[in-house]
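> The structure follows.
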Amino acid sequence: MDSSANTDDRAPLPDYSEDGVDLSLIRWSISLTPLERLQFLEDRINEILAIRELNART
Amino acid sequence: MPERKVIATLRSLCERDIQFVLVGGLAAVLNGAPVDTYDVDVVHSREPANIERLLSFLQEIDAVFRIQPERRLRPTASHLAGGGHLNLITSLGPIDLLGTIGPGLSFSDLLPLSHEMAISEGMRIRVLNLETLISIKEQLASEKDLAVLPILRQTLRELKKSRSV
């Protein structure tokens with residue numbers, strides 16, 4: 001029985017690629033449905049714009 | 001500042017039977033890439049009937065060119081029939097209508113390089129493939145395009161891994 005193969009199977013996936021990309025964020029995004037991806041983006045854009053507007057007034 | 005209504009924009013385009021391929025940042029997002037974008041980029045069919053439907057929709061959402069918005073310059077059918085890029089601001093947020101992208105790729109060129117994606121009941125949109133999006137950004141090679149490439153490439157790798165499981 002090849003014990004090293006079993007060890008590799010259980011090894012956690014890296015969180016970051018060698019060039020510094022957050023792979024955990026990509027896996028999370030892939031786990032969403034297309035509509036959920038759009039809803040998250042839309043909510044986030046509107047929240048950021050609201051914060052910017054609030055700070056522009058103060 | 002008016003809310004960005006990305007989903008409403010896409011739904012409206014579908015409901016009006018406007019033929020387009022979604023490209024740019026939103027195509028990246030729909031393909032699973034965790035990137036931010038503020039506008040809706042589409043390559044539209046330049047068939048006369050499609051231009052008519054699109055122009056009618058643009059009038060409905062009060063579209064004007066983003067450059068010098070105070071002049072309230074409105075896109076015309078001849079603008080939409082050309083191969084250039086129309087950067088517009090509308091009541092639903094910014095929309096970029098692109099006659100062609102990359103090395104002159106038009107709507108019909110992009111059909112085999114895109115896939116139809118179900119977003120919700122009755123809402124199906126054609127989205128540019130991640131492979132093509134990466135290839136176009138590699139060719140454009142602007143600072144903005146190069147910055148997002150590592151995320152797009154890693155997303156493609158993760159998608160291939162998840163499909164092979």
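A note on labels: chains of the structure tokens are A, B, ... as shown, every chain counts residues from 1, and ligands are counted from 1 in their shown order.
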Give me, as an MDAnalysis selection string, the residues of chain B touching chain A, with the criterion being at most 12 Å (counting only C-alpha atoms).

chainID B and resid 1:11 25:40 92:93 116:121 123:125 127 147:163

> Which of stretch 11-129 of chain B end up as strand (DSSP E) when DSSP is run on this backbone - answer as a ChimeraX atom specification?

/B:20-23,40-44,64-65,85-90,93-98,114-120,123-128

> Got a sec: who's within 9 Å of stretch 21-24 of chain B, counting only C-alpha atoms, leaving out chain neighbours fewer than 6 positions off, as a PyMOL selection string?

chain B and resi 37+39-45+101+107+110-111+114-115+125-129+133

> Can I get the selection written as a CSV table (one decimal), in the first residue's frame, with C-alpha atoms?


chain,number,residue,atom,x,y,z
B,37,THR,CA,-16.4,45.9,-11.7
B,39,ASP,CA,-20.1,48.7,-15.5
B,40,VAL,CA,-21.9,46.3,-17.8
B,41,ASP,CA,-19.8,45.6,-20.9
B,42,VAL,CA,-21.6,44.0,-23.9
B,43,VAL,CA,-20.8,43.3,-27.5
B,44,HIS,CA,-24.2,43.8,-29.3
B,45,SER,CA,-25.4,42.4,-32.5
B,101,ILE,CA,-13.5,43.8,-28.9
B,107,PHE,CA,-21.0,39.6,-31.9
B,110,LEU,CA,-18.0,35.8,-30.2
B,111,LEU,CA,-20.9,33.3,-30.5
B,114,SER,CA,-19.2,32.2,-25.4
B,115,HIS,CA,-21.8,30.1,-23.7
B,125,ILE,CA,-27.5,35.4,-21.1
B,126,ARG,CA,-24.6,34.7,-23.4
B,127,VAL,CA,-21.3,35.1,-21.5
B,128,LEU,CA,-17.8,35.2,-23.0
B,129,ASN,CA,-15.7,32.2,-22.1
B,133,LEU,CA,-11.4,36.8,-21.9

> Would you mind writing down, as an MDAnalysis selection string, each residue of stretch 12-156 of chain B that DSSP on the backbone assigns to helix (DSSP H, G or I)?

chainID B and resid 12:15 24:30 48:60 69:71 77:81 107:113 130:140 143:156
